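File shown: entry.cif. Contents: mmCIF, C-alpha atoms and all ligand atoms.
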```cif
data_coords
loop_
_atom_site.label_atom_id
_atom_site.label_comp_id
_atom_site.auth_asym_id
_atom_site.auth_seq_id
_atom_site.Cartn_x
_atom_site.Cartn_y
_atom_site.Cartn_z
CA MET A 25 21.81 -0.98 -1.27
CA GLN A 26 19.09 -2.34 -3.56
CA LEU A 27 15.89 -0.53 -2.46
CA PRO A 28 12.45 -1.92 -3.20
CA LYS A 29 10.75 0.03 -6.00
CA HIS A 30 7.31 -0.42 -4.51
CA VAL A 31 6.85 -0.82 -0.77
CA ALA A 32 3.39 -1.64 0.56
CA ILE A 33 2.67 -1.49 4.28
CA ILE A 34 -0.08 -3.10 6.33
CA MET A 35 -0.04 -0.71 9.29
CA ASP A 36 -1.26 -2.85 12.18
CA GLY A 37 -1.25 -2.64 15.96
CA ASN A 38 -2.49 0.88 16.78
CA GLY A 39 -5.11 -0.50 19.18
CA ARG A 40 -2.73 -2.87 21.00
CA TRP A 41 -0.05 -0.17 21.19
CA ALA A 42 -2.53 2.16 22.92
CA LYS A 43 -3.92 -0.54 25.22
CA ALA A 44 -0.42 -1.52 26.36
CA ARG A 45 0.05 2.10 27.46
CA GLY A 46 -3.33 2.43 29.17
CA HIS A 47 -4.80 4.65 26.43
CA ASN A 48 -7.88 4.20 24.27
CA ARG A 49 -7.70 2.97 20.67
CA PHE A 50 -8.24 6.49 19.30
CA PHE A 51 -4.94 7.61 20.79
CA GLY A 52 -3.25 4.68 19.01
CA HIS A 53 -4.70 5.86 15.69
CA ILE A 54 -3.48 9.43 16.30
CA ARG A 55 0.04 8.13 16.92
CA GLY A 56 -0.35 5.77 13.95
CA ALA A 57 -1.16 8.71 11.67
CA LYS A 58 1.91 10.61 12.97
CA ARG A 59 4.03 7.56 12.21
CA ALA A 60 2.55 7.33 8.72
CA LYS A 61 3.69 10.91 8.05
CA GLN A 62 7.21 10.10 9.23
CA ILE A 63 7.50 6.90 7.17
CA ILE A 64 6.10 8.64 4.07
CA GLU A 65 8.74 11.37 4.38
CA GLU A 66 11.50 8.85 5.06
CA CYS A 67 10.57 6.79 1.98
CA ALA A 68 10.53 9.96 -0.16
CA ARG A 69 13.92 10.96 1.25
CA LEU A 70 15.36 7.54 0.36
CA ASN A 71 13.95 7.86 -3.20
CA VAL A 72 11.52 4.96 -2.93
CA GLN A 73 9.43 5.25 -6.11
CA ASN A 74 6.12 3.89 -4.81
CA LEU A 75 4.71 3.60 -1.31
CA THR A 76 1.26 2.14 -0.67
CA LEU A 77 -0.36 2.26 2.76
CA PHE A 78 -3.28 0.00 3.66
CA THR A 79 -5.23 2.73 5.40
CA PHE A 80 -8.80 1.41 5.63
CA SER A 81 -10.05 -2.00 4.53
CA THR A 82 -13.51 -2.98 3.34
CA GLU A 83 -13.73 -5.00 6.58
CA ASN A 84 -12.87 -1.99 8.80
CA TRP A 85 -16.50 -0.73 8.49
CA LYS A 86 -17.40 -3.53 10.94
CA ARG A 87 -15.64 -1.66 13.78
CA PRO A 88 -17.74 0.33 16.29
CA ALA A 89 -19.27 3.41 14.59
CA GLU A 90 -17.33 5.82 16.87
CA GLU A 91 -14.02 4.27 15.79
CA VAL A 92 -14.95 4.33 12.09
CA ASN A 93 -16.04 7.98 12.43
CA PHE A 94 -12.83 8.83 14.24
CA LEU A 95 -10.67 7.17 11.56
CA MET A 96 -12.55 9.09 8.85
CA LEU A 97 -12.12 12.37 10.74
CA LEU A 98 -8.42 11.69 11.31
CA LEU A 99 -7.91 10.83 7.65
CA ARG A 100 -9.62 14.03 6.49
CA LYS A 101 -7.75 16.26 8.96
CA ARG A 102 -4.34 14.74 8.27
CA LEU A 103 -4.80 14.90 4.51
CA LYS A 104 -5.87 18.55 4.81
CA SER A 105 -2.91 19.51 6.97
CA GLU A 106 -0.35 17.40 5.09
CA THR A 107 -1.17 18.32 1.49
CA LYS A 108 1.29 21.24 1.54
CA ASN A 109 4.05 18.91 2.78
CA LEU A 110 3.26 16.40 0.05
CA ILE A 111 3.68 19.21 -2.49
CA LYS A 112 6.90 20.38 -0.82
CA ASN A 113 8.29 16.83 -0.96
CA ASN A 114 7.18 16.37 -4.61
CA ILE A 115 4.98 13.41 -3.59
CA ARG A 116 2.02 12.50 -5.80
CA PHE A 117 -1.01 11.22 -3.91
CA HIS A 118 -3.30 8.48 -5.25
CA CYS A 119 -6.04 6.27 -3.82
CA ILE A 120 -7.21 2.77 -4.64
CA GLY A 121 -10.39 1.18 -3.32
CA ASP A 122 -14.11 1.93 -3.51
CA LEU A 123 -14.13 5.62 -2.69
CA SER A 124 -17.85 5.98 -3.42
CA GLN A 125 -18.72 4.75 0.09
CA LEU A 126 -16.57 7.33 1.90
CA PRO A 127 -18.32 10.22 3.68
CA THR A 128 -18.60 13.18 1.28
CA SER A 129 -16.31 15.40 3.38
CA VAL A 130 -13.56 12.74 3.27
CA LEU A 131 -14.04 12.11 -0.44
CA ASP A 132 -13.83 15.86 -1.16
CA GLN A 133 -10.54 16.09 0.75
CA VAL A 134 -9.15 12.96 -0.96
CA ASN A 135 -10.00 14.41 -4.37
CA ASN A 136 -8.56 17.77 -3.38
CA THR A 137 -5.22 16.21 -2.34
CA ILE A 138 -5.11 14.07 -5.51
CA GLU A 139 -5.74 17.20 -7.61
CA GLN A 140 -3.23 19.39 -5.76
CA THR A 141 -0.43 16.83 -6.05
CA LYS A 142 -1.13 15.59 -9.59
CA ASN A 143 1.83 17.42 -11.16
CA ASN A 144 4.35 16.13 -8.61
CA THR A 145 6.99 13.88 -10.15
CA GLY A 146 8.56 12.21 -7.10
CA MET A 147 7.27 9.30 -5.04
CA ASN A 148 3.80 7.88 -5.70
CA LEU A 149 1.99 7.67 -2.36
CA THR A 150 -1.11 5.52 -2.58
CA PHE A 151 -3.67 5.08 0.18
CA ALA A 152 -5.68 1.87 -0.06
CA LEU A 153 -9.01 3.20 1.22
CA ASN A 154 -12.10 1.08 1.57
CA TYR A 155 -9.89 -1.38 -0.25
CA GLY A 156 -10.38 -5.13 -0.61
CA GLY A 157 -8.29 -7.39 -2.82
CA ARG A 158 -11.15 -9.79 -3.56
CA GLN A 159 -13.53 -6.93 -4.31
CA GLU A 160 -11.20 -5.41 -6.91
CA ILE A 161 -10.69 -8.82 -8.54
CA ILE A 162 -14.48 -9.25 -8.73
CA SER A 163 -14.75 -5.80 -10.42
CA ALA A 164 -12.01 -6.74 -12.88
CA VAL A 165 -13.70 -10.06 -13.73
CA LYS A 166 -17.05 -8.30 -14.26
CA SER A 167 -15.43 -5.74 -16.53
CA LEU A 168 -13.69 -8.47 -18.58
CA ALA A 169 -16.99 -10.35 -18.86
CA GLU A 170 -18.58 -7.15 -20.22
CA ASP A 171 -15.74 -6.79 -22.73
CA VAL A 172 -16.32 -10.38 -23.89
CA ASP A 173 -20.09 -9.79 -24.03
CA ALA A 174 -19.61 -6.66 -26.14
CA GLY A 175 -17.22 -8.50 -28.48
CA ARG A 176 -14.24 -6.27 -27.57
CA ILE A 177 -12.15 -9.29 -26.53
CA GLU A 178 -12.41 -13.06 -26.72
CA PRO A 179 -12.08 -15.32 -23.64
CA LYS A 180 -8.82 -16.70 -25.03
CA ASP A 181 -7.34 -13.15 -24.94
CA ILE A 182 -7.58 -13.00 -21.13
CA ASP A 183 -4.09 -13.08 -19.63
CA GLU A 184 -2.17 -11.61 -16.67
CA ALA A 185 -1.70 -8.25 -18.37
CA LEU A 186 -5.42 -7.84 -19.17
CA ILE A 187 -6.40 -8.64 -15.58
CA SER A 188 -3.67 -6.36 -14.12
CA ASN A 189 -4.86 -3.53 -16.36
CA LYS A 190 -8.37 -3.81 -14.97
CA LEU A 191 -7.17 -3.30 -11.40
CA PRO A 192 -7.17 0.26 -9.99
CA SER A 193 -3.51 -0.19 -9.05
CA SER A 194 -2.51 -0.77 -12.69
CA PHE A 195 -0.62 2.54 -12.74
CA LEU A 196 1.80 1.03 -10.19
CA GLN A 197 4.20 -1.83 -10.63
CA ASP A 198 3.52 -4.78 -8.32
CA PRO A 199 4.94 -4.35 -4.80
CA ASP A 200 8.32 -5.97 -4.32
CA LEU A 201 8.18 -5.62 -0.53
CA ILE A 202 5.12 -5.91 1.72
CA ILE A 203 5.68 -4.99 5.37
CA ARG A 204 3.23 -5.90 8.10
CA THR A 205 3.65 -4.60 11.62
CA SER A 206 2.42 -6.06 14.94
CA GLY A 207 3.51 -9.65 14.30
CA GLU A 208 0.53 -10.91 12.31
CA SER A 209 1.50 -12.71 9.12
CA ARG A 210 -1.61 -12.38 6.98
CA LEU A 211 -2.42 -10.40 3.86
CA SER A 212 -5.91 -9.57 5.23
CA ASN A 213 -7.37 -9.14 1.73
CA PHE A 214 -4.62 -6.70 0.70
CA PHE A 215 -3.02 -6.81 -2.78
CA LEU A 216 -4.06 -10.45 -3.36
CA TRP A 217 -3.23 -10.32 -7.08
CA GLN A 218 -0.31 -7.91 -6.86
CA ALA A 219 1.49 -9.81 -4.06
CA ALA A 220 2.38 -12.78 -6.30
CA TYR A 221 6.14 -12.12 -6.21
CA ALA A 222 6.39 -9.72 -3.26
CA GLU A 223 8.77 -10.39 -0.41
CA PHE A 224 6.88 -10.41 2.88
CA TYR A 225 8.44 -8.78 5.96
CA VAL A 226 6.70 -9.21 9.31
CA THR A 227 7.86 -7.36 12.39
CA PRO A 228 6.45 -7.62 15.93
CA ILE A 229 6.74 -3.83 16.28
CA TYR A 230 3.36 -2.10 16.59
CA TRP A 231 2.76 0.49 13.87
CA PRO A 232 3.06 3.61 16.12
CA ASP A 233 6.59 2.43 17.04
CA PHE A 234 7.68 1.55 13.49
CA ASP A 235 10.33 4.24 12.99
CA ALA A 236 12.96 5.02 10.34
CA GLU A 237 15.34 2.51 11.90
CA ALA A 238 12.72 -0.25 11.70
CA LEU A 239 12.12 0.67 8.05
CA GLN A 240 15.86 0.47 7.41
CA ASP A 241 15.92 -3.04 8.94
CA ALA A 242 13.19 -4.13 6.53
CA PHE A 243 15.07 -2.62 3.58
CA SER A 244 18.37 -4.24 4.67
CA LYS A 245 16.71 -7.65 4.87
CA PHE A 246 15.11 -7.07 1.44
CA ALA A 247 18.46 -6.16 -0.08
CA LEU A 248 19.91 -9.51 1.02
CA ILE A 249 17.18 -11.59 -0.61
CA GLU A 250 17.94 -13.12 -3.95
CA ARG A 251 14.72 -12.69 -5.94
CA ARG A 252 14.53 -15.60 -8.39
CA PHE A 253 10.96 -15.30 -9.77
CA GLY A 254 10.92 -19.09 -10.19
CA MET A 255 14.33 -19.24 -11.91
CA THR A 256 17.56 -20.85 -10.74
CA SER A 257 20.30 -18.75 -9.12
CA GLU A 258 22.40 -19.20 -12.28
CA GLN A 259 19.63 -17.76 -14.46
CA VAL A 260 19.23 -14.77 -12.11
CA LEU A 261 22.96 -14.05 -12.31
CA LYS A 262 22.93 -14.35 -16.11
CA ASN A 263 19.93 -12.02 -16.29
CA LEU A 264 21.70 -9.46 -14.12
CA PHE A 265 24.83 -9.86 -16.25
CA ASP A 266 22.72 -9.24 -19.38
CA GLY A 267 21.25 -6.14 -17.73
CA ASN A 268 17.71 -7.55 -17.67
CA ASN A 269 16.00 -6.81 -14.36
CA SER A 270 12.41 -7.57 -15.28
CA PRO A 271 10.81 -10.71 -13.88
CA PRO A 272 10.64 -13.39 -16.59
CA ILE A 273 7.09 -14.44 -15.72
CA ASP A 274 7.00 -16.92 -18.61
CA LEU A 275 9.67 -19.05 -16.92
CA VAL A 276 7.60 -19.71 -13.79
C1 LIG B 301 -4.42 -0.85 12.47
O1 LIG B 301 -4.46 -0.77 13.84
C2 LIG B 301 -4.66 0.37 11.76
C3 LIG B 301 -5.73 0.77 11.01
C4 LIG B 301 -7.16 0.69 11.39
C5 LIG B 301 -5.50 1.37 9.71
C6 LIG B 301 -4.43 2.40 9.67
C7 LIG B 301 -4.82 3.70 10.22
C8 LIG B 301 -3.91 4.58 10.71
C9 LIG B 301 -2.46 4.31 10.74
C10 LIG B 301 -4.36 5.87 11.25
C11 LIG B 301 -4.72 6.88 10.18
C12 LIG B 301 -3.74 6.94 9.09
C13 LIG B 301 -3.51 7.96 8.27
C14 LIG B 301 -2.50 7.76 7.22
C15 LIG B 301 -4.20 9.26 8.37
P1 LIG B 301 -5.58 -1.64 14.58
O2 LIG B 301 -6.64 -0.71 15.05
O3 LIG B 301 -6.08 -2.73 13.70
O4 LIG B 301 -4.74 -2.22 15.76
P2 LIG B 301 -5.04 -3.54 16.60
O5 LIG B 301 -4.95 -4.71 15.66
O6 LIG B 301 -3.97 -3.55 17.64
O7 LIG B 301 -6.43 -3.39 17.18
#
```

Show me the file's structure as structure tokens.
Ligand code: FPP
Amino acid sequence: MQLPKHVAIIMDGNGRWAKARGHNRFFGHIRGAKRAKQIIEECARLNVQNLTLFTFSTENWKRPAEEVNFLMLLLRKRLKSETKNLIKNNIRFHCIGDLSQLPTSVLDQVNNTIEQTKNNTGMNLTFALNYGGRQEIISAVKSLAEDVDAGRIEPKDIDEALISNKLPSSFLQDPDLIIRTSGESRLSNFFLWQAAYAEFYVTPIYWPDFDAEALQDAFSKFALIERRFGMTSEQVLKNLFDGNNSPPIDLV
């Protein structure tokens, strides 16, 4: 089966999952974090090359302070306890987003896990933390404007590759599958630039219930999709026949 090379997941529905069971939202986040561990290990087992989890958005700071504090505590504790398993599973940990606003204790743990897993050669696991798609595009535009101002590039040089290279996710290929749980079909400011050709899979399952079988369903559906990147079916077949799997962006 053709597996996606980069899977990105918008993990949604922890609060509703908990409420439906008469628990508070914090319990939903605890179960959500457990599920994240299971899905990370399942993706590594299946040899997915890149997995990105939308873990905390720039908008999530608007939640009640107790919930934000709890999410930060949970993140720090889970990263601390899971780093050894990441090493065991040869998973390399990365982060994208504005990490400067994270509490120091969380930032220290994030940096520690990045450092401890930097020589791993298996799956790239990326947490989007304090991440906003518009914010990173603004940073990229500012940086390009500075390059123009300093005479390093000319405005006519600006193309897709230059913009992509300015994004913190430039070390990853664009996601080919974006999964969102809990039935909402929005990007919510996630991977706005990178999602250009991604397949979007929405499931009504709340994140704490999104198990290996649910992941397999998403992968099976992905495998059936003919990805044309703006071409005709005949061109796709010819490309496959010629052994060229890269998206011919110039044809779009
Ligand atoms: C969405 O549920 C989830 C988040 C706030 C982000 C994801 C956080 C986790 C899965 C827990 C911590 C994760 C790790 C990897 C340590 P929601 O609160 O928006 O749910 P709702 O829409 O039902 O209220």

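Atom to atom, CA of Phe94 in chain A and CA of Ile115 in chain A stand 25.6 Å apart.
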
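Of the residues under consideration (A:Gly39, A:Pro199, A:Pro192, A:Pro232), A:Pro199 shows the shortest atom-to-atom contact distance to Gln73 in chain A when counting only C-alpha atoms.
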
Polymer residues at most 8 Å from range 146-152 of chain A, only C-alpha atoms, same-chain spacing of 2 or more positions, as a ChimeraX atom specification: /A:64,68,71-81,113-121,144,154-155

Those residues with C-alpha atoms, as a compact mmCIF listing (two decimals), in the coordinates of the input please?
```txt
# COMPACT_ATOMS: atom_id res chain seq x y z
CA ILE A 64 6.10 8.64 4.07
CA ALA A 68 10.53 9.96 -0.16
CA ASN A 71 13.95 7.86 -3.20
CA VAL A 72 11.52 4.96 -2.93
CA GLN A 73 9.43 5.25 -6.11
CA ASN A 74 6.12 3.89 -4.81
CA LEU A 75 4.71 3.60 -1.31
CA THR A 76 1.26 2.14 -0.67
CA LEU A 77 -0.36 2.26 2.76
CA PHE A 78 -3.28 0.00 3.66
CA THR A 79 -5.23 2.73 5.40
CA PHE A 80 -8.80 1.41 5.63
CA SER A 81 -10.05 -2.00 4.53
CA ASN A 113 8.29 16.83 -0.96
CA ASN A 114 7.18 16.37 -4.61
CA ILE A 115 4.98 13.41 -3.59
CA ARG A 116 2.02 12.50 -5.80
CA PHE A 117 -1.01 11.22 -3.91
CA HIS A 118 -3.30 8.48 -5.25
CA CYS A 119 -6.04 6.27 -3.82
CA ILE A 120 -7.21 2.77 -4.64
CA GLY A 121 -10.39 1.18 -3.32
CA ASN A 144 4.35 16.13 -8.61
CA ASN A 154 -12.10 1.08 1.57
CA TYR A 155 -9.89 -1.38 -0.25
```

Around ligand LIG 301 (chain B), out to 10 Å and counting only C-alpha atoms and all ligand atoms, which residues are there? I want them as a PyMOL selection string. chain A and resi 33-44+49-61+64+77-81+83-85+87+91-92+94-103+106+151-153+205-208+230-232

Save out the residues we just selected, C-alpha atoms, as an mmCIF file, in the coordinates of the input.
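Heads up, here's the output in out-v4.cif:
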```
data_model
loop_
_atom_site.group_PDB
_atom_site.id
_atom_site.type_symbol
_atom_site.label_atom_id
_atom_site.label_comp_id
_atom_site.auth_asym_id
_atom_site.auth_seq_id
_atom_site.Cartn_x
_atom_site.Cartn_y
_atom_site.Cartn_z
ATOM 1 C CA ILE A 33 2.670 -1.490 4.280
ATOM 2 C CA ILE A 34 -0.080 -3.100 6.330
ATOM 3 C CA MET A 35 -0.040 -0.710 9.290
ATOM 4 C CA ASP A 36 -1.260 -2.850 12.180
ATOM 5 C CA GLY A 37 -1.250 -2.640 15.960
ATOM 6 C CA ASN A 38 -2.490 0.880 16.780
ATOM 7 C CA GLY A 39 -5.110 -0.500 19.180
ATOM 8 C CA ARG A 40 -2.730 -2.870 21.000
ATOM 9 C CA TRP A 41 -0.050 -0.170 21.190
ATOM 10 C CA ALA A 42 -2.530 2.160 22.920
ATOM 11 C CA LYS A 43 -3.920 -0.540 25.220
ATOM 12 C CA ALA A 44 -0.420 -1.520 26.360
ATOM 13 C CA ARG A 49 -7.700 2.970 20.670
ATOM 14 C CA PHE A 50 -8.240 6.490 19.300
ATOM 15 C CA PHE A 51 -4.940 7.610 20.790
ATOM 16 C CA GLY A 52 -3.250 4.680 19.010
ATOM 17 C CA HIS A 53 -4.700 5.860 15.690
ATOM 18 C CA ILE A 54 -3.480 9.430 16.300
ATOM 19 C CA ARG A 55 0.040 8.130 16.920
ATOM 20 C CA GLY A 56 -0.350 5.770 13.950
ATOM 21 C CA ALA A 57 -1.160 8.710 11.670
ATOM 22 C CA LYS A 58 1.910 10.610 12.970
ATOM 23 C CA ARG A 59 4.030 7.560 12.210
ATOM 24 C CA ALA A 60 2.550 7.330 8.720
ATOM 25 C CA LYS A 61 3.690 10.910 8.050
ATOM 26 C CA ILE A 64 6.100 8.640 4.070
ATOM 27 C CA LEU A 77 -0.360 2.260 2.760
ATOM 28 C CA PHE A 78 -3.280 0.000 3.660
ATOM 29 C CA THR A 79 -5.230 2.730 5.400
ATOM 30 C CA PHE A 80 -8.800 1.410 5.630
ATOM 31 C CA SER A 81 -10.050 -2.000 4.530
ATOM 32 C CA GLU A 83 -13.730 -5.000 6.580
ATOM 33 C CA ASN A 84 -12.870 -1.990 8.800
ATOM 34 C CA TRP A 85 -16.500 -0.730 8.490
ATOM 35 C CA ARG A 87 -15.640 -1.660 13.780
ATOM 36 C CA GLU A 91 -14.020 4.270 15.790
ATOM 37 C CA VAL A 92 -14.950 4.330 12.090
ATOM 38 C CA PHE A 94 -12.830 8.830 14.240
ATOM 39 C CA LEU A 95 -10.670 7.170 11.560
ATOM 40 C CA MET A 96 -12.550 9.090 8.850
ATOM 41 C CA LEU A 97 -12.120 12.370 10.740
ATOM 42 C CA LEU A 98 -8.420 11.690 11.310
ATOM 43 C CA LEU A 99 -7.910 10.830 7.650
ATOM 44 C CA ARG A 100 -9.620 14.030 6.490
ATOM 45 C CA LYS A 101 -7.750 16.260 8.960
ATOM 46 C CA ARG A 102 -4.340 14.740 8.270
ATOM 47 C CA LEU A 103 -4.800 14.900 4.510
ATOM 48 C CA GLU A 106 -0.350 17.400 5.090
ATOM 49 C CA PHE A 151 -3.670 5.080 0.180
ATOM 50 C CA ALA A 152 -5.680 1.870 -0.060
ATOM 51 C CA LEU A 153 -9.010 3.200 1.220
ATOM 52 C CA THR A 205 3.650 -4.600 11.620
ATOM 53 C CA SER A 206 2.420 -6.060 14.940
ATOM 54 C CA GLY A 207 3.510 -9.650 14.300
ATOM 55 C CA GLU A 208 0.530 -10.910 12.310
ATOM 56 C CA TYR A 230 3.360 -2.100 16.590
ATOM 57 C CA TRP A 231 2.760 0.490 13.870
ATOM 58 C CA PRO A 232 3.060 3.610 16.120
#
```

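Going from CA of Leu191 in chain A over to CA of Ile161 in chain A, you cover 7.1 Å.
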
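Between CA of Asn109 in chain A and CA of Val130 in chain A the separation is 18.7 Å.
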
Using all atoms listed in the file, which of A:Ser212, A:Asn189, A:Thr141, A:Asn135 sits nearest Gly156 in chain A? A:Ser212

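Residues within 7 Å of Ala236 in chain A, counting all atoms listed in the file and excluding same-chain residues fewer than 3 positions away, are Ile63, Glu66, Leu239 and Gln240 of chain A.
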
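Closest approach to Ala222 in chain A among A:Asp235, A:Asp241, A:Asp200, A:Glu258 is made by A:Asp200 (distances from only C-alpha atoms).
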
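The nearest approach to Ala247 in chain A among the residues A:Glu223, A:Glu139, A:Asp132, A:Glu170, with only C-alpha atoms taken into account, belongs to A:Glu223.
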
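Using all atoms listed in the file, the smallest distance between any of A:Gly46, A:Pro228, A:Pro28, A:Pro179 and Asp198 in chain A comes from A:Pro28.
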
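The shortest atom-to-atom distance to Gln125 in chain A, with all atoms listed in the file taken into account, belongs to A:Thr82 out of A:Thr82, A:Asn263, A:Asn48, A:Ser257.
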